[in-house]
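Novice: Encoded as structure tokens, here's the structure I'll be asking about.
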Amino acid sequence: MSLTADLLIHARWIVTVETDGEVLADHALAIRDGKIVAIVPPEGVAAVSAKETVRLPRHVLMPGLVNLHCHAAMTLLRGYADDLALMDWLQNHIWPAEGKHVSDEFVYDGTLIGMAEMIRSGTTTVNDMYFYNSAVARAGLAAGMRTFVGCSILEFPTNYGLNADDYINKGLKERDEFVGESMVTFTLAPHAPYTVSDATFRKVVTLAEQLDLPIHCHIHETQDEINGSLSEHQVRPLARLAALGLLSPRLVAAHMVHLNDEEIALAAHHGVSVAHNPTSNMKLASGIAPVQKLLAAGVNVGIGTDGAASNNKLDMLADTRMSALLAKVGTQDPTAVPAA
Ligand SMILES: [Zn+2]
């Protein structure tokens, strides 16, 4: 059978990412009109007429990786304030450093450098969360990465915004600049339960529904966060967010390290996606997320690097490997979170 293609890519290995972990040797990928039309076995290659042929004799060809939780611009803070717990790290080191340095130019340059590192290790899509959102979007377009631009929302001032309303208004205004860009999607990113008020969370839910936007939030990252919520709100963060209407399929919950069985069921019931960040959780000693239990409950779990300051790399293959290893040591079960 003959086949015409615009581009034929011969690869030593093609990893199809089928559920059975299929790996094909010496096959070729045929592309026409920007779409994959066939994966051709070695004996069928002669029958393909292609306008352009690329040979990758030592490569793995596979779908692009999705970095589900990142602050790409923080690559410029890589290695800054190592070996600290989350709140000390944030309040006494990261936030003051950001106050000194973060600007539109910092974010554009940092995001572009971060994206170069991600592309090098096979990542083609990033779900980011930071400030100066149009700089993140411009960097994504320059790098050719599919970029989810999370507009951070906090109650307190930073270089970028004054208060929650200011972060929201600026973010939505920047979103308007990129309408029609298929590679750029803006999301609302209330930073975390301990930095965002009930009123702001309610506003985020309403706006997300009206504008059909995803929501990206750090949730249940540390035991401290849960203790703080219990003393301030008399409930654990996830219960508070559920009551505020935040839990839905539009939510990507980053971390979700400390969860009881009811909370795992709650996340599954509402169709929440979880961004698991194994290296960040290890570096900040946040804990071990119950990934195996989340998967067993039917929760959609993706992997993120988090920012370079809490990793210190943006390498999705490294974090995928870490996800499998951490789940095994955490459960003392070598079958937990298999390699594929
Ligand atoms: Zn983060």
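Order determines the names: the first chain of the structure tokens is A, the second B, and so forth; residues in each chain are numbered 1 upward, and ligands are numbered 1 upward as they are shown.
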With only C-alpha atoms as the counted atoms, please give the residues lying no more than 8 Å from Arg58 (chain A), apart from itself and same-chain residues fewer than 2 positions off, as number ranges by chain.
Specialist: A: 11-12, 56, 60
Novice: Write the residues you've just listed into a file as a PDB file, in the first residue's frame, and include N, CA, C and O atoms for each of them.
Specialist:
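New file result_2.pdb:
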```pdb
ATOM      1  N   ALA A  11      12.983   6.721  13.171  1.00  0.00           N
ATOM      2  CA  ALA A  11      13.575   6.815  14.511  1.00  0.00           C
ATOM      3  C   ALA A  11      14.009   5.430  14.973  1.00  0.00           C
ATOM      4  O   ALA A  11      13.369   4.428  14.651  1.00  0.00           O
ATOM      5  N   ARG A  12      15.100   5.392  15.748  1.00  0.00           N
ATOM      6  CA  ARG A  12      15.556   4.106  16.305  1.00  0.00           C
ATOM      7  C   ARG A  12      14.455   3.517  17.183  1.00  0.00           C
ATOM      8  O   ARG A  12      14.181   2.340  17.125  1.00  0.00           O
ATOM      9  N   LEU A  56      16.687   9.739  12.462  1.00  0.00           N
ATOM     10  CA  LEU A  56      17.109   9.904  13.860  1.00  0.00           C
ATOM     11  C   LEU A  56      17.590   8.543  14.372  1.00  0.00           C
ATOM     12  O   LEU A  56      16.898   7.861  15.116  1.00  0.00           O
ATOM     13  N   VAL A  60      14.938   8.526  20.580  1.00  0.00           N
ATOM     14  CA  VAL A  60      13.592   8.083  20.951  1.00  0.00           C
ATOM     15  C   VAL A  60      12.627   9.161  20.468  1.00  0.00           C
ATOM     16  O   VAL A  60      12.849  10.349  20.724  1.00  0.00           O
TER      17      VAL A  60
END
```
Novice: Quick one: residues within 7 Å of region 41-51 of chain A, only C-alpha atoms counted, chain neighbours fewer than 5 positions away excluded, as a ChimeraX atom specification?
Specialist: /A:1-8,26-28
Novice: Residues up to 9 Å from ligand 1, counting only C-alpha atoms and all ligand atoms: could you list those as a list of chain:residue names?
Specialist: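 Based on only C-alpha atoms and all ligand atoms, ligand 1 is surrounded within 9 Å by A:His69, A:Cys70, A:His71, A:Asp128, A:Met129, A:His191, A:Cys217, A:His218, A:Ala254, A:His255, A:Asn277, A:Ser280, A:Gly304, A:Thr305, A:Asp306, A:Gly307, A:Ser310.
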Novice: Taking N, CA, C and O atoms for each residue, export the selection above as a PDB file, in the first residue's frame.
Specialist:
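Dumped everything to again.pdb:
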```pdb
ATOM      1  N   HIS A  69       3.211  21.549  36.652  1.00  0.00           N
ATOM      2  CA  HIS A  69       3.315  22.611  37.657  1.00  0.00           C
ATOM      3  C   HIS A  69       4.712  23.213  37.627  1.00  0.00           C
ATOM      4  O   HIS A  69       5.696  22.537  37.940  1.00  0.00           O
ATOM      5  N   CYS A  70       4.785  24.482  37.260  1.00  0.00           N
ATOM      6  CA  CYS A  70       6.098  25.118  37.118  1.00  0.00           C
ATOM      7  C   CYS A  70       5.996  26.623  37.379  1.00  0.00           C
ATOM      8  O   CYS A  70       4.915  27.210  37.285  1.00  0.00           O
ATOM      9  N   HIS A  71       7.106  27.210  37.761  1.00  0.00           N
ATOM     10  CA  HIS A  71       7.273  28.662  37.800  1.00  0.00           C
ATOM     11  C   HIS A  71       8.567  28.891  37.008  1.00  0.00           C
ATOM     12  O   HIS A  71       9.643  29.007  37.605  1.00  0.00           O
ATOM     13  N   ASP A 128       2.228  26.897  33.874  1.00  0.00           N
ATOM     14  CA  ASP A 128       3.070  27.782  34.669  1.00  0.00           C
ATOM     15  C   ASP A 128       2.222  28.630  35.620  1.00  0.00           C
ATOM     16  O   ASP A 128       1.001  28.730  35.457  1.00  0.00           O
ATOM     17  N   MET A 129       2.862  29.223  36.582  1.00  0.00           N
ATOM     18  CA  MET A 129       2.188  30.132  37.532  1.00  0.00           C
ATOM     19  C   MET A 129       3.233  31.135  37.995  1.00  0.00           C
ATOM     20  O   MET A 129       4.219  30.764  38.633  1.00  0.00           O
ATOM     21  N   HIS A 191      -2.758  31.627  44.677  1.00  0.00           N
ATOM     22  CA  HIS A 191      -1.492  30.992  45.040  1.00  0.00           C
ATOM     23  C   HIS A 191      -1.663  29.749  45.920  1.00  0.00           C
ATOM     24  O   HIS A 191      -1.141  28.689  45.616  1.00  0.00           O
ATOM     25  N   CYS A 217      -3.685  25.932  41.566  1.00  0.00           N
ATOM     26  CA  CYS A 217      -3.480  26.366  42.957  1.00  0.00           C
ATOM     27  C   CYS A 217      -2.614  25.354  43.708  1.00  0.00           C
ATOM     28  O   CYS A 217      -2.758  24.152  43.513  1.00  0.00           O
ATOM     29  N   HIS A 218      -1.708  25.844  44.578  1.00  0.00           N
ATOM     30  CA  HIS A 218      -0.965  24.952  45.489  1.00  0.00           C
ATOM     31  C   HIS A 218      -1.921  24.514  46.600  1.00  0.00           C
ATOM     32  O   HIS A 218      -2.495  25.377  47.276  1.00  0.00           O
ATOM     33  N   ALA A 254      -1.848  21.582  42.766  1.00  0.00           N
ATOM     34  CA  ALA A 254      -0.421  21.243  42.826  1.00  0.00           C
ATOM     35  C   ALA A 254      -0.067  20.742  44.220  1.00  0.00           C
ATOM     36  O   ALA A 254      -0.479  21.334  45.222  1.00  0.00           O
ATOM     37  N   HIS A 255       0.650  19.661  44.271  1.00  0.00           N
ATOM     38  CA  HIS A 255       1.217  19.011  45.462  1.00  0.00           C
ATOM     39  C   HIS A 255       0.288  17.961  46.059  1.00  0.00           C
ATOM     40  O   HIS A 255       0.540  16.781  45.906  1.00  0.00           O
ATOM     41  N   ASN A 277       4.700  16.748  42.429  1.00  0.00           N
ATOM     42  CA  ASN A 277       6.029  17.366  42.265  1.00  0.00           C
ATOM     43  C   ASN A 277       7.030  16.670  43.183  1.00  0.00           C
ATOM     44  O   ASN A 277       7.399  17.202  44.236  1.00  0.00           O
ATOM     45  N   SER A 280      10.460  18.538  44.307  1.00  0.00           N
ATOM     46  CA  SER A 280      10.180  19.700  45.149  1.00  0.00           C
ATOM     47  C   SER A 280       9.738  19.248  46.544  1.00  0.00           C
ATOM     48  O   SER A 280      10.178  19.798  47.557  1.00  0.00           O
ATOM     49  N   GLY A 304       4.894  17.424  37.777  1.00  0.00           N
ATOM     50  CA  GLY A 304       5.451  18.759  37.584  1.00  0.00           C
ATOM     51  C   GLY A 304       6.842  18.839  38.184  1.00  0.00           C
ATOM     52  O   GLY A 304       7.200  18.053  39.056  1.00  0.00           O
ATOM     53  N   THR A 305       7.604  19.816  37.712  1.00  0.00           N
ATOM     54  CA  THR A 305       8.939  20.033  38.285  1.00  0.00           C
ATOM     55  C   THR A 305       8.894  21.028  39.431  1.00  0.00           C
ATOM     56  O   THR A 305       9.796  21.071  40.244  1.00  0.00           O
ATOM     57  N   ASP A 306       7.815  21.877  39.483  1.00  0.00           N
ATOM     58  CA  ASP A 306       7.790  23.064  40.327  1.00  0.00           C
ATOM     59  C   ASP A 306       8.885  24.005  39.803  1.00  0.00           C
ATOM     60  O   ASP A 306       9.488  23.742  38.773  1.00  0.00           O
ATOM     61  N   GLY A 307       9.138  25.107  40.469  1.00  0.00           N
ATOM     62  CA  GLY A 307      10.151  26.039  39.983  1.00  0.00           C
ATOM     63  C   GLY A 307      11.555  25.490  40.220  1.00  0.00           C
ATOM     64  O   GLY A 307      11.768  24.630  41.070  1.00  0.00           O
ATOM     65  N   SER A 310      13.101  25.177  43.753  1.00  0.00           N
ATOM     66  CA  SER A 310      12.761  24.083  44.676  1.00  0.00           C
ATOM     67  C   SER A 310      12.943  22.716  44.025  1.00  0.00           C
ATOM     68  O   SER A 310      12.251  21.765  44.346  1.00  0.00           O
TER      69      SER A 310
END
```
Novice: Compile the contact shell of Ser197 (chain A) as a PDB file with all heavy atoms, in the first residue's frame: residues with an atom at most 12 Å away, counting only C-alpha atoms, same-chain residues fewer than 6 positions apart removed.
Specialist:
```pdb
ATOM      1  N   ILE A 153      -2.512  35.010  42.044  1.00  0.00           N
ATOM      2  CA  ILE A 153      -3.393  35.897  42.814  1.00  0.00           C
ATOM      3  C   ILE A 153      -3.051  35.727  44.293  1.00  0.00           C
ATOM      4  O   ILE A 153      -3.040  34.603  44.810  1.00  0.00           O
ATOM      5  CB  ILE A 153      -4.877  35.541  42.554  1.00  0.00           C
ATOM      6  CG1 ILE A 153      -5.203  35.678  41.059  1.00  0.00           C
ATOM      7  CG2 ILE A 153      -5.802  36.418  43.410  1.00  0.00           C
ATOM      8  CD1 ILE A 153      -6.492  34.996  40.644  1.00  0.00           C
ATOM      9  N   LEU A 154      -2.729  36.836  44.949  1.00  0.00           N
ATOM     10  CA  LEU A 154      -2.387  36.858  46.371  1.00  0.00           C
ATOM     11  C   LEU A 154      -3.134  38.012  47.030  1.00  0.00           C
ATOM     12  O   LEU A 154      -3.607  38.915  46.338  1.00  0.00           O
ATOM     13  CB  LEU A 154      -0.878  37.106  46.547  1.00  0.00           C
ATOM     14  CG  LEU A 154       0.105  36.137  45.887  1.00  0.00           C
ATOM     15  CD1 LEU A 154       1.411  36.844  45.576  1.00  0.00           C
ATOM     16  CD2 LEU A 154       0.359  34.954  46.790  1.00  0.00           C
ATOM     17  N   GLU A 155      -3.189  38.014  48.358  1.00  0.00           N
ATOM     18  CA  GLU A 155      -3.843  39.129  49.054  1.00  0.00           C
ATOM     19  C   GLU A 155      -2.862  40.270  49.327  1.00  0.00           C
ATOM     20  O   GLU A 155      -3.268  41.383  49.616  1.00  0.00           O
ATOM     21  CB  GLU A 155      -4.452  38.663  50.381  1.00  0.00           C
ATOM     22  CG  GLU A 155      -5.490  37.557  50.253  1.00  0.00           C
ATOM     23  CD  GLU A 155      -6.750  37.962  49.489  1.00  0.00           C
ATOM     24  OE1 GLU A 155      -7.052  39.180  49.383  1.00  0.00           O
ATOM     25  OE2 GLU A 155      -7.437  37.052  48.987  1.00  0.00           O
ATOM     26  N   PHE A 156      -1.558  39.975  49.284  1.00  0.00           N
ATOM     27  CA  PHE A 156      -0.565  40.993  49.676  1.00  0.00           C
ATOM     28  C   PHE A 156       0.202  41.507  48.458  1.00  0.00           C
ATOM     29  O   PHE A 156       0.235  40.851  47.420  1.00  0.00           O
ATOM     30  CB  PHE A 156       0.379  40.438  50.750  1.00  0.00           C
ATOM     31  CG  PHE A 156       1.087  39.175  50.364  1.00  0.00           C
ATOM     32  CD1 PHE A 156       2.242  39.195  49.603  1.00  0.00           C
ATOM     33  CD2 PHE A 156       0.588  37.938  50.788  1.00  0.00           C
ATOM     34  CE1 PHE A 156       2.897  38.029  49.260  1.00  0.00           C
ATOM     35  CE2 PHE A 156       1.242  36.757  50.439  1.00  0.00           C
ATOM     36  CZ  PHE A 156       2.388  36.801  49.671  1.00  0.00           C
ATOM     37  N   ASN A 163      -3.070  43.967  45.436  1.00  0.00           N
ATOM     38  CA  ASN A 163      -3.989  43.133  46.217  1.00  0.00           C
ATOM     39  C   ASN A 163      -4.685  42.172  45.252  1.00  0.00           C
ATOM     40  O   ASN A 163      -4.432  42.215  44.047  1.00  0.00           O
ATOM     41  CB  ASN A 163      -5.006  44.006  46.957  1.00  0.00           C
ATOM     42  CG  ASN A 163      -5.716  44.961  45.999  1.00  0.00           C
ATOM     43  OD1 ASN A 163      -6.068  44.588  44.881  1.00  0.00           O
ATOM     44  ND2 ASN A 163      -5.906  46.197  46.423  1.00  0.00           N
ATOM     45  N   ALA A 164      -5.557  41.324  45.780  1.00  0.00           N
ATOM     46  CA  ALA A 164      -6.152  40.274  44.938  1.00  0.00           C
ATOM     47  C   ALA A 164      -6.837  40.843  43.703  1.00  0.00           C
ATOM     48  O   ALA A 164      -6.649  40.341  42.584  1.00  0.00           O
ATOM     49  CB  ALA A 164      -7.129  39.452  45.766  1.00  0.00           C
ATOM     50  N   ASP A 165      -7.631  41.923  43.894  1.00  0.00           N
ATOM     51  CA  ASP A 165      -8.336  42.492  42.736  1.00  0.00           C
ATOM     52  C   ASP A 165      -7.366  43.005  41.683  1.00  0.00           C
ATOM     53  O   ASP A 165      -7.602  42.862  40.480  1.00  0.00           O
ATOM     54  CB  ASP A 165      -9.265  43.639  43.188  1.00  0.00           C
ATOM     55  CG  ASP A 165     -10.548  43.091  43.799  1.00  0.00           C
ATOM     56  OD1 ASP A 165     -10.857  41.907  43.552  1.00  0.00           O
ATOM     57  OD2 ASP A 165     -11.234  43.847  44.523  1.00  0.00           O
ATOM     58  N   PRO A 190      -4.911  31.306  41.965  1.00  0.00           N
ATOM     59  CA  PRO A 190      -4.850  31.708  43.380  1.00  0.00           C
ATOM     60  C   PRO A 190      -3.707  30.923  44.023  1.00  0.00           C
ATOM     61  O   PRO A 190      -3.657  29.698  43.898  1.00  0.00           O
ATOM     62  CB  PRO A 190      -6.221  31.286  43.922  1.00  0.00           C
ATOM     63  CG  PRO A 190      -6.750  30.252  42.958  1.00  0.00           C
ATOM     64  CD  PRO A 190      -6.153  30.583  41.629  1.00  0.00           C
ATOM     65  N   HIS A 191      -2.758  31.627  44.677  1.00  0.00           N
ATOM     66  CA  HIS A 191      -1.492  30.992  45.040  1.00  0.00           C
ATOM     67  C   HIS A 191      -1.663  29.749  45.920  1.00  0.00           C
ATOM     68  O   HIS A 191      -1.141  28.689  45.616  1.00  0.00           O
ATOM     69  CB  HIS A 191      -0.580  32.027  45.718  1.00  0.00           C
ATOM     70  CG  HIS A 191       0.648  31.442  46.315  1.00  0.00           C
ATOM     71  ND1 HIS A 191       0.752  31.133  47.657  1.00  0.00           N
ATOM     72  CD2 HIS A 191       1.824  31.068  45.743  1.00  0.00           C
ATOM     73  CE1 HIS A 191       1.960  30.612  47.883  1.00  0.00           C
ATOM     74  NE2 HIS A 191       2.618  30.562  46.743  1.00  0.00           N
ATOM     75  N   LYS A 203     -14.537  34.715  44.092  1.00  0.00           N
ATOM     76  CA  LYS A 203     -14.428  35.521  42.868  1.00  0.00           C
ATOM     77  C   LYS A 203     -13.746  34.708  41.755  1.00  0.00           C
ATOM     78  O   LYS A 203     -14.163  34.752  40.591  1.00  0.00           O
ATOM     79  CB  LYS A 203     -13.629  36.792  43.177  1.00  0.00           C
ATOM     80  CG  LYS A 203     -13.788  37.870  42.140  1.00  0.00           C
ATOM     81  CD  LYS A 203     -13.144  39.173  42.606  1.00  0.00           C
ATOM     82  CE  LYS A 203     -13.987  39.916  43.629  1.00  0.00           C
ATOM     83  NZ  LYS A 203     -13.380  41.196  44.031  1.00  0.00           N
ATOM     84  N   VAL A 204     -12.702  33.958  42.131  1.00  0.00           N
ATOM     85  CA  VAL A 204     -11.974  33.138  41.150  1.00  0.00           C
ATOM     86  C   VAL A 204     -12.907  32.088  40.534  1.00  0.00           C
ATOM     87  O   VAL A 204     -12.906  31.871  39.317  1.00  0.00           O
ATOM     88  CB  VAL A 204     -10.748  32.459  41.825  1.00  0.00           C
ATOM     89  CG1 VAL A 204     -10.204  31.326  40.966  1.00  0.00           C
ATOM     90  CG2 VAL A 204      -9.662  33.491  42.097  1.00  0.00           C
ATOM     91  N   SER A 229      -4.634  26.103  58.680  1.00  0.00           N
ATOM     92  CA  SER A 229      -6.033  26.177  58.276  1.00  0.00           C
ATOM     93  C   SER A 229      -6.955  25.733  59.408  1.00  0.00           C
ATOM     94  O   SER A 229      -8.007  26.340  59.645  1.00  0.00           O
ATOM     95  CB  SER A 229      -6.265  25.295  57.043  1.00  0.00           C
ATOM     96  OG  SER A 229      -7.613  25.307  56.656  1.00  0.00           O
ATOM     97  N   GLU A 232      -7.048  28.653  61.821  1.00  0.00           N
ATOM     98  CA  GLU A 232      -7.674  29.879  61.308  1.00  0.00           C
ATOM     99  C   GLU A 232      -9.120  29.664  60.851  1.00  0.00           C
ATOM    100  O   GLU A 232      -9.975  30.523  61.026  1.00  0.00           O
ATOM    101  CB  GLU A 232      -6.835  30.436  60.148  1.00  0.00           C
ATOM    102  CG  GLU A 232      -7.172  31.888  59.831  1.00  0.00           C
ATOM    103  CD  GLU A 232      -6.367  32.422  58.640  1.00  0.00           C
ATOM    104  OE1 GLU A 232      -5.262  31.898  58.390  1.00  0.00           O
ATOM    105  OE2 GLU A 232      -6.853  33.347  57.975  1.00  0.00           O
ATOM    106  N   HIS A 233      -9.369  28.523  60.211  1.00  0.00           N
ATOM    107  CA  HIS A 233     -10.697  28.289  59.608  1.00  0.00           C
ATOM    108  C   HIS A 233     -11.453  27.114  60.234  1.00  0.00           C
ATOM    109  O   HIS A 233     -12.568  26.805  59.826  1.00  0.00           O
ATOM    110  CB  HIS A 233     -10.547  28.036  58.105  1.00  0.00           C
ATOM    111  CG  HIS A 233      -9.870  29.146  57.357  1.00  0.00           C
ATOM    112  ND1 HIS A 233     -10.515  30.307  56.993  1.00  0.00           N
ATOM    113  CD2 HIS A 233      -8.583  29.272  56.917  1.00  0.00           C
ATOM    114  CE1 HIS A 233      -9.663  31.105  56.350  1.00  0.00           C
ATOM    115  NE2 HIS A 233      -8.497  30.506  56.303  1.00  0.00           N
ATOM    116  N   PRO A 237      -7.702  22.571  54.581  1.00  0.00           N
ATOM    117  CA  PRO A 237      -7.839  23.413  53.382  1.00  0.00           C
ATOM    118  C   PRO A 237      -8.782  22.832  52.322  1.00  0.00           C
ATOM    119  O   PRO A 237      -9.589  23.572  51.751  1.00  0.00           O
ATOM    120  CB  PRO A 237      -6.401  23.507  52.861  1.00  0.00           C
ATOM    121  CG  PRO A 237      -5.547  23.324  54.060  1.00  0.00           C
ATOM    122  CD  PRO A 237      -6.285  22.378  54.957  1.00  0.00           C
ATOM    123  N   ARG A 240     -12.371  23.407  53.093  1.00  0.00           N
ATOM    124  CA  ARG A 240     -12.688  24.834  52.911  1.00  0.00           C
ATOM    125  C   ARG A 240     -12.858  25.149  51.427  1.00  0.00           C
ATOM    126  O   ARG A 240     -13.825  25.812  51.029  1.00  0.00           O
ATOM    127  CB  ARG A 240     -11.541  25.669  53.514  1.00  0.00           C
ATOM    128  CG  ARG A 240     -11.690  27.153  53.311  1.00  0.00           C
ATOM    129  CD  ARG A 240     -10.581  27.946  54.004  1.00  0.00           C
ATOM    130  NE  ARG A 240     -10.457  29.253  53.387  1.00  0.00           N
ATOM    131  CZ  ARG A 240      -9.317  29.777  52.909  1.00  0.00           C
ATOM    132  NH1 ARG A 240      -8.173  29.108  53.028  1.00  0.00           N
ATOM    133  NH2 ARG A 240      -9.317  30.962  52.352  1.00  0.00           N
ATOM    134  N   LEU A 241     -11.954  24.664  50.590  1.00  0.00           N
ATOM    135  CA  LEU A 241     -12.040  24.948  49.160  1.00  0.00           C
ATOM    136  C   LEU A 241     -13.265  24.269  48.541  1.00  0.00           C
ATOM    137  O   LEU A 241     -13.892  24.830  47.636  1.00  0.00           O
ATOM    138  CB  LEU A 241     -10.757  24.491  48.453  1.00  0.00           C
ATOM    139  CG  LEU A 241      -9.476  25.193  48.921  1.00  0.00           C
ATOM    140  CD1 LEU A 241      -8.264  24.641  48.172  1.00  0.00           C
ATOM    141  CD2 LEU A 241      -9.565  26.704  48.726  1.00  0.00           C
ATOM    142  N   LEU A 244     -16.192  26.367  49.149  1.00  0.00           N
ATOM    143  CA  LEU A 244     -16.157  27.592  48.339  1.00  0.00           C
ATOM    144  C   LEU A 244     -16.392  27.313  46.851  1.00  0.00           C
ATOM    145  O   LEU A 244     -16.424  28.236  46.040  1.00  0.00           O
ATOM    146  CB  LEU A 244     -14.801  28.297  48.515  1.00  0.00           C
ATOM    147  CG  LEU A 244     -14.532  28.873  49.907  1.00  0.00           C
ATOM    148  CD1 LEU A 244     -13.065  29.268  50.057  1.00  0.00           C
ATOM    149  CD2 LEU A 244     -15.437  30.071  50.181  1.00  0.00           C
TER     150      LEU A 244
END
```
Novice: Give the strand (DSSP E) residues of region 26-208 of chain A, as assigned by DSSP on the backbone, as a PyMOL selection string.
Specialist: chain A and resi 28-32+35-40+48-61+65-70+123-130+146-153+184-190
Novice: Could you pull the residues within 9 Å of region 173-185 of chain A, counting only C-alpha atoms, minus those fewer than 5 positions along the same chain, as a compact mmCIF listing (two decimals) with N, CA and C atoms, in the first residue's frame?
Specialist:
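Saved the output as around_6.txt:
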```txt
# COMPACT_ATOMS: atom_id res chain seq x y z
N TYR A 132 3.76 38.94 35.96
CA TYR A 132 4.06 39.54 34.65
C TYR A 132 3.66 38.54 33.55
N ASN A 133 2.35 38.28 33.50
CA ASN A 133 1.84 37.17 32.71
C ASN A 133 2.08 37.33 31.22
N SER A 134 2.07 38.58 30.73
CA SER A 134 2.28 38.72 29.29
C SER A 134 3.74 38.38 28.94
N ALA A 137 3.74 34.67 28.51
CA ALA A 137 3.11 34.29 27.23
C ALA A 137 4.02 34.60 26.06
N GLY A 140 6.70 32.01 25.87
CA GLY A 140 6.15 30.76 25.34
C GLY A 140 6.05 30.80 23.82
N LEU A 141 5.59 31.92 23.29
CA LEU A 141 5.48 32.04 21.83
C LEU A 141 6.86 32.04 21.19
N GLY A 144 8.15 28.52 21.28
CA GLY A 144 7.34 27.53 20.56
C GLY A 144 6.77 26.47 21.48
N MET A 145 6.61 26.81 22.75
CA MET A 145 6.01 25.87 23.71
C MET A 145 4.54 26.17 23.91
N ARG A 146 3.74 25.11 24.09
CA ARG A 146 2.34 25.31 24.47
C ARG A 146 2.36 25.76 25.94
N THR A 147 1.82 26.92 26.22
CA THR A 147 1.99 27.53 27.55
C THR A 147 0.65 27.85 28.20
N PHE A 148 0.45 27.33 29.39
CA PHE A 148 -0.68 27.71 30.24
C PHE A 148 -0.13 28.74 31.22
N VAL A 149 -0.60 29.97 31.07
CA VAL A 149 -0.05 31.11 31.81
C VAL A 149 -0.93 31.34 33.05
N GLY A 150 -0.42 30.93 34.20
CA GLY A 150 -1.19 31.07 35.44
C GLY A 150 -0.99 32.44 36.04
N ILE A 168 -5.97 40.11 39.72
CA ILE A 168 -6.99 39.57 38.80
C ILE A 168 -7.17 40.51 37.61
N LEU A 213 -12.13 29.33 32.27
CA LEU A 213 -10.68 29.28 32.50
C LEU A 213 -10.33 28.14 33.46
N PRO A 214 -9.19 27.49 33.23
CA PRO A 214 -8.69 26.55 34.24
C PRO A 214 -8.24 27.30 35.50
```
Novice: Fewer than 6 positions away in the same chain doesn't count, so skip those; otherwise give me all residues within 7 Å of Ile9 (chain A), counting only C-alpha atoms, as a ChimeraX atom specification.
Specialist: /A:28-30,53-55
Novice: Kindly export the residues of the current selection with C-alpha atoms, as a PDB file, in the first residue's frame.
Specialist:
```pdb
ATOM      1  CA  ALA A  28       8.923   5.655  10.860  1.00  0.00           C
ATOM      2  CA  LEU A  29       6.338   8.319  11.546  1.00  0.00           C
ATOM      3  CA  ALA A  30       4.435   9.773   8.565  1.00  0.00           C
ATOM      4  CA  THR A  53      12.712  12.672   5.280  1.00  0.00           C
ATOM      5  CA  VAL A  54      14.469  12.967   8.649  1.00  0.00           C
ATOM      6  CA  ARG A  55      16.659  10.190  10.077  1.00  0.00           C
TER       7      ARG A  55
END
```
Novice: Within 9 Å of region 72-86 of chain A, which residues of region 94-121 of chain A come that close, and what is the closest atom pair and distance in Å for each? Count only C-alpha atoms and give it as CSV.
Specialist:
```
residue,atom,partner,partner_atom,distance
A:Ile94,CA,A:Ala81,CA,7.6
A:Ala97,CA,A:Leu77,CA,8.4
A:Glu98,CA,A:Leu77,CA,8.8
A:Phe106,CA,A:Ala73,CA,7.3
A:Val107,CA,A:Ala73,CA,5.1
A:Tyr108,CA,A:Ala73,CA,7.2
A:Asp109,CA,A:Ala73,CA,7.3
A:Gly110,CA,A:Ala73,CA,4.0
A:Thr111,CA,A:Ala73,CA,4.1
A:Leu112,CA,A:Ala73,CA,7.6
A:Ile113,CA,A:Thr75,CA,7.2
A:Gly114,CA,A:Ala72,CA,5.1
A:Met115,CA,A:Ala72,CA,6.9
```
Novice: List as a PyMOL selection string the protein and nucleic acid residues near Tyr160 (chain A), meaning an atom at most 9 Å away when only C-alpha atoms are counted, but skip any in the same chain fewer than 4 places from it.
Specialist: chain A and resi 102-104+131-132+166-167+170
Novice: Please measure the separation of CA of Val299 (chain A) and CA of Ala268 (chain A), giving the value in Å to one decimal.
Specialist: 5.1 Å
Novice: A:Gly302, A:Gly245, A:Pro57, A:Gly64: which is nearest His10 (chain A), counting only C-alpha atoms?
Specialist: A:Pro57
Novice: Please measure the separation of CA of Arg321 (chain A) and CA of Pro338 (chain A), giving the value in Å to one decimal.
Specialist: 9.8 Å
Novice: Based on DSSP run over this structure's backbone, return all residues of region 126-234 of chain A in alpha helix (DSSP H), as a VMD selection string.
Specialist: chain A and resid 133 to 143 164 to 176 198 to 211 223 to 233
Novice: Please provide the set of residues having any atom within 6 Å of region 270-274 of chain A, restricted to only C-alpha atoms, with same-chain residues fewer than 2 positions apart removed, written as number ranges by chain.
Specialist: A: 247-249, 251-254, 267-268, 300-301
Novice: Just the number, please: distance in Å from CA of Asn260 (chain A) to CA of Asp319 (chain A), one decimal.
Specialist: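 CA of Asp319 (chain A) lies at a distance of 24.1 Å from CA of Asn260 (chain A).
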